[in-house]
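As stored in input-v4.cif (mmCIF, N, CA and C atoms):
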data_run
#
loop_
_atom_site.label_atom_id
_atom_site.label_comp_id
_atom_site.auth_asym_id
_atom_site.auth_seq_id
_atom_site.Cartn_x
_atom_site.Cartn_y
_atom_site.Cartn_z
N MET A 16 12.88 16.55 -36.27
CA MET A 16 13.28 16.25 -34.91
C MET A 16 13.62 17.55 -34.21
N GLN A 17 13.21 17.65 -32.97
CA GLN A 17 13.45 18.84 -32.17
C GLN A 17 14.53 18.58 -31.13
N THR A 18 15.07 19.63 -30.57
CA THR A 18 16.09 19.54 -29.52
C THR A 18 15.54 20.17 -28.25
N ILE A 19 15.81 19.54 -27.11
CA ILE A 19 15.44 20.15 -25.83
C ILE A 19 16.71 20.37 -25.02
N ARG A 20 16.68 21.36 -24.17
CA ARG A 20 17.83 21.66 -23.32
C ARG A 20 17.53 21.20 -21.91
N VAL A 21 18.49 20.48 -21.32
CA VAL A 21 18.37 20.02 -19.94
C VAL A 21 19.69 20.31 -19.23
N SER A 22 19.65 20.32 -17.92
CA SER A 22 20.86 20.54 -17.15
C SER A 22 21.81 19.36 -17.32
N ASP A 23 23.07 19.57 -16.99
CA ASP A 23 24.05 18.49 -17.06
C ASP A 23 23.65 17.33 -16.14
N THR A 24 23.13 17.67 -14.97
CA THR A 24 22.72 16.64 -14.01
C THR A 24 21.58 15.80 -14.59
N THR A 25 20.61 16.45 -15.20
CA THR A 25 19.50 15.72 -15.80
C THR A 25 19.98 14.86 -16.95
N TYR A 26 20.90 15.38 -17.75
CA TYR A 26 21.40 14.58 -18.87
C TYR A 26 22.16 13.35 -18.39
N ARG A 27 22.93 13.51 -17.33
CA ARG A 27 23.63 12.35 -16.77
C ARG A 27 22.63 11.30 -16.28
N ALA A 28 21.54 11.75 -15.66
CA ALA A 28 20.50 10.82 -15.21
C ALA A 28 19.85 10.12 -16.40
N LEU A 29 19.61 10.86 -17.47
CA LEU A 29 19.05 10.26 -18.68
C LEU A 29 20.00 9.25 -19.30
N GLU A 30 21.30 9.56 -19.31
CA GLU A 30 22.28 8.62 -19.83
C GLU A 30 22.30 7.33 -19.01
N LEU A 31 22.22 7.47 -17.69
CA LEU A 31 22.20 6.29 -16.82
C LEU A 31 20.95 5.46 -17.09
N ALA A 32 19.79 6.11 -17.15
CA ALA A 32 18.54 5.39 -17.44
C ALA A 32 18.63 4.70 -18.80
N ALA A 33 19.23 5.36 -19.76
CA ALA A 33 19.37 4.78 -21.10
C ALA A 33 20.26 3.54 -21.06
N ARG A 34 21.38 3.63 -20.36
CA ARG A 34 22.27 2.46 -20.26
C ARG A 34 21.57 1.29 -19.57
N LEU A 35 20.82 1.58 -18.50
CA LEU A 35 20.15 0.52 -17.75
C LEU A 35 19.04 -0.16 -18.56
N THR A 36 18.44 0.57 -19.47
CA THR A 36 17.31 0.03 -20.24
C THR A 36 17.67 -0.36 -21.66
N GLY A 37 18.91 -0.08 -22.07
CA GLY A 37 19.31 -0.38 -23.44
C GLY A 37 18.69 0.55 -24.46
N MET A 38 18.31 1.74 -24.01
CA MET A 38 17.70 2.72 -24.89
C MET A 38 18.64 3.91 -25.08
N THR A 39 18.25 4.82 -25.94
CA THR A 39 18.96 6.10 -26.06
C THR A 39 18.35 7.07 -25.06
N PRO A 40 19.04 8.16 -24.71
CA PRO A 40 18.42 9.17 -23.84
C PRO A 40 17.10 9.69 -24.42
N GLY A 41 17.07 9.90 -25.73
CA GLY A 41 15.82 10.34 -26.37
C GLY A 41 14.72 9.29 -26.24
N GLY A 42 15.10 8.02 -26.35
CA GLY A 42 14.12 6.93 -26.19
C GLY A 42 13.53 6.90 -24.80
N VAL A 43 14.37 7.19 -23.79
CA VAL A 43 13.88 7.25 -22.41
C VAL A 43 12.82 8.34 -22.29
N ILE A 44 13.10 9.50 -22.84
CA ILE A 44 12.13 10.61 -22.78
C ILE A 44 10.85 10.24 -23.53
N GLU A 45 10.99 9.65 -24.73
CA GLU A 45 9.81 9.27 -25.50
C GLU A 45 8.93 8.29 -24.74
N LYS A 46 9.56 7.32 -24.06
CA LYS A 46 8.79 6.34 -23.29
C LYS A 46 8.08 7.00 -22.12
N LEU A 47 8.76 7.90 -21.43
CA LEU A 47 8.13 8.62 -20.31
C LEU A 47 6.94 9.44 -20.78
N VAL A 48 7.09 10.12 -21.90
CA VAL A 48 5.99 10.92 -22.45
C VAL A 48 4.83 10.01 -22.83
N ALA A 49 5.13 8.89 -23.47
CA ALA A 49 4.06 7.95 -23.87
C ALA A 49 3.32 7.42 -22.66
N GLN A 50 4.06 7.11 -21.59
CA GLN A 50 3.41 6.57 -20.38
C GLN A 50 2.55 7.61 -19.69
N THR A 51 2.96 8.86 -19.72
CA THR A 51 2.18 9.89 -19.03
C THR A 51 0.98 10.36 -19.83
N THR A 52 0.94 10.03 -21.13
CA THR A 52 -0.20 10.46 -21.94
C THR A 52 -1.20 9.33 -22.17
N GLN A 53 -0.95 8.14 -21.61
CA GLN A 53 -1.90 7.03 -21.73
C GLN A 53 -3.10 7.29 -20.85
N GLU A 54 -4.24 6.75 -21.28
CA GLU A 54 -5.45 6.86 -20.48
C GLU A 54 -5.29 6.04 -19.20
N PRO A 55 -5.67 6.59 -18.04
CA PRO A 55 -5.57 5.82 -16.80
C PRO A 55 -6.58 4.68 -16.79
N ALA A 56 -6.28 3.67 -16.01
CA ALA A 56 -7.20 2.53 -15.85
C ALA A 56 -8.53 3.04 -15.29
N THR A 57 -9.62 2.47 -15.75
CA THR A 57 -10.94 2.95 -15.33
C THR A 57 -11.43 2.30 -14.05
N SER A 58 -10.79 1.22 -13.64
CA SER A 58 -11.25 0.57 -12.42
C SER A 58 -10.08 0.17 -11.55
N SER A 59 -10.34 0.10 -10.26
CA SER A 59 -9.33 -0.32 -9.30
C SER A 59 -9.53 -1.79 -8.97
N PRO A 60 -8.46 -2.47 -8.56
CA PRO A 60 -8.65 -3.86 -8.15
C PRO A 60 -9.64 -3.96 -7.00
N ALA A 61 -10.53 -4.93 -7.06
CA ALA A 61 -11.56 -5.09 -6.04
C ALA A 61 -11.08 -6.01 -4.92
N PRO A 62 -11.47 -5.70 -3.68
CA PRO A 62 -11.13 -6.60 -2.57
C PRO A 62 -11.78 -7.96 -2.78
N THR A 63 -11.13 -9.00 -2.33
CA THR A 63 -11.67 -10.35 -2.40
C THR A 63 -11.60 -10.96 -1.01
N PRO A 64 -12.30 -12.07 -0.77
CA PRO A 64 -12.22 -12.71 0.55
C PRO A 64 -10.79 -13.15 0.89
N GLU A 65 -9.99 -13.44 -0.13
CA GLU A 65 -8.62 -13.89 0.09
C GLU A 65 -7.65 -12.74 0.33
N GLY A 66 -8.07 -11.52 0.13
CA GLY A 66 -7.19 -10.36 0.28
C GLY A 66 -7.57 -9.31 -0.74
N VAL A 67 -6.61 -8.53 -1.13
CA VAL A 67 -6.84 -7.44 -2.08
C VAL A 67 -6.07 -7.75 -3.35
N ALA A 68 -6.74 -7.64 -4.49
CA ALA A 68 -6.06 -7.83 -5.76
C ALA A 68 -5.11 -6.64 -5.98
N VAL A 69 -3.88 -6.93 -6.37
CA VAL A 69 -2.88 -5.89 -6.62
C VAL A 69 -2.24 -6.16 -7.98
N TYR A 70 -1.61 -5.12 -8.52
CA TYR A 70 -0.88 -5.28 -9.76
C TYR A 70 0.26 -4.29 -9.80
N ALA A 71 1.21 -4.56 -10.66
CA ALA A 71 2.32 -3.64 -10.90
C ALA A 71 2.59 -3.64 -12.40
N ASP A 72 2.86 -2.46 -12.93
CA ASP A 72 3.25 -2.34 -14.33
C ASP A 72 4.75 -2.15 -14.39
N TYR A 73 5.42 -2.96 -15.18
CA TYR A 73 6.87 -2.85 -15.34
C TYR A 73 7.22 -3.10 -16.80
N ASN A 74 7.88 -2.15 -17.38
CA ASN A 74 8.36 -2.28 -18.76
C ASN A 74 7.23 -2.65 -19.71
N GLY A 75 6.07 -2.03 -19.51
CA GLY A 75 4.94 -2.24 -20.39
C GLY A 75 4.13 -3.50 -20.14
N GLU A 76 4.48 -4.26 -19.12
CA GLU A 76 3.76 -5.49 -18.79
C GLU A 76 3.11 -5.36 -17.42
N ARG A 77 1.89 -5.85 -17.30
CA ARG A 77 1.18 -5.83 -16.02
C ARG A 77 1.22 -7.21 -15.39
N THR A 78 1.59 -7.26 -14.13
CA THR A 78 1.62 -8.50 -13.37
C THR A 78 0.70 -8.32 -12.17
N GLY A 79 -0.15 -9.29 -11.93
CA GLY A 79 -1.11 -9.18 -10.84
C GLY A 79 -0.92 -10.26 -9.79
N GLY A 80 -1.57 -10.05 -8.67
CA GLY A 80 -1.52 -11.00 -7.58
C GLY A 80 -2.51 -10.62 -6.50
N HIS A 81 -2.40 -11.24 -5.35
CA HIS A 81 -3.26 -10.94 -4.21
C HIS A 81 -2.40 -10.62 -3.00
N LEU A 82 -2.79 -9.59 -2.28
CA LEU A 82 -2.13 -9.22 -1.02
C LEU A 82 -3.02 -9.75 0.08
N ARG A 83 -2.49 -10.66 0.85
CA ARG A 83 -3.26 -11.26 1.94
C ARG A 83 -2.78 -10.65 3.26
N PRO A 84 -3.71 -10.12 4.06
CA PRO A 84 -3.31 -9.56 5.35
C PRO A 84 -2.71 -10.62 6.26
N ARG A 85 -1.72 -10.26 6.99
CA ARG A 85 -1.12 -11.19 7.94
C ARG A 85 -2.05 -11.33 9.12
N HIS A 86 -2.29 -12.56 9.53
CA HIS A 86 -3.16 -12.81 10.68
C HIS A 86 -2.34 -12.68 11.95
N ASP A 87 -2.68 -11.73 12.78
CA ASP A 87 -1.96 -11.50 14.04
C ASP A 87 -2.80 -12.06 15.18
N PRO A 88 -2.35 -13.14 15.85
CA PRO A 88 -3.15 -13.77 16.91
C PRO A 88 -3.25 -12.93 18.18
N HIS A 89 -2.53 -11.83 18.27
CA HIS A 89 -2.57 -11.01 19.50
C HIS A 89 -3.67 -10.02 19.47
#

Starting from the file, lay out its structure as structure tokens.
Amino acid sequence: MQTIRVSDTTYRALELAARLTGMTPGGVIEKLVAQTTQEPATSSPAPTPEGVAVYADYNGERTGGHLRPRHDPH
């Protein structure tokens, strides 16, 4: 195991993120590194007649939906 040095401000932010996620500060860093080294998606959501397909990734899970433009009668 290696040690990294961070500022006090950064460490406090890591501690907060760890408390909010139930992880250790090291676990927060490991997750961030894992997420940044993953291969990016090869395709973008395609527009549909009903709107645009959208998605969000949260905590390792992808949730999708459709964004429908608001119809403005003016």

Across A:Gly66, A:Ala71, A:Val21, A:Gly79, the smallest distance to Ile44 of chain A, with only C-alpha atoms counted, is shown by A:Val21

Mind pulling up the distance from atom N of Leu29 of chain A to atom CA of Gly42 of chain A? 11.0 Å

Measure the distance from atom CA of Thr18 of chain A to atom N of Asn74 of chain A in Å and round it to one decimal.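 Atom N of Asn74 of chain A lies 26.2 Å from atom CA of Thr18 of chain A.
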
With 5 Å added on each side, what axis-aligned box encloses every listed atom of segment 70-78 of chain A? Give the centre and edge lengths in Å to one decimal, as JSON.
{"center_x": 3.4, "center_y": -5.3, "center_z": -14.5, "size_x": 20.0, "size_y": 16.5, "size_z": 21.9}

Between atom N of Leu47 of chain A and atom N of Arg77 of chain A, what is the distance, to one decimal in Å?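 Going from atom N of Leu47 of chain A over to atom N of Arg77 of chain A covers 15.9 Å.
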
Residues matched by the PyMOL selection byres (((chain A and resi 40 and name CA) around 12) and name CA) as a VMD selection string: chain A and resid 19 21 25 to 39 41 to 47
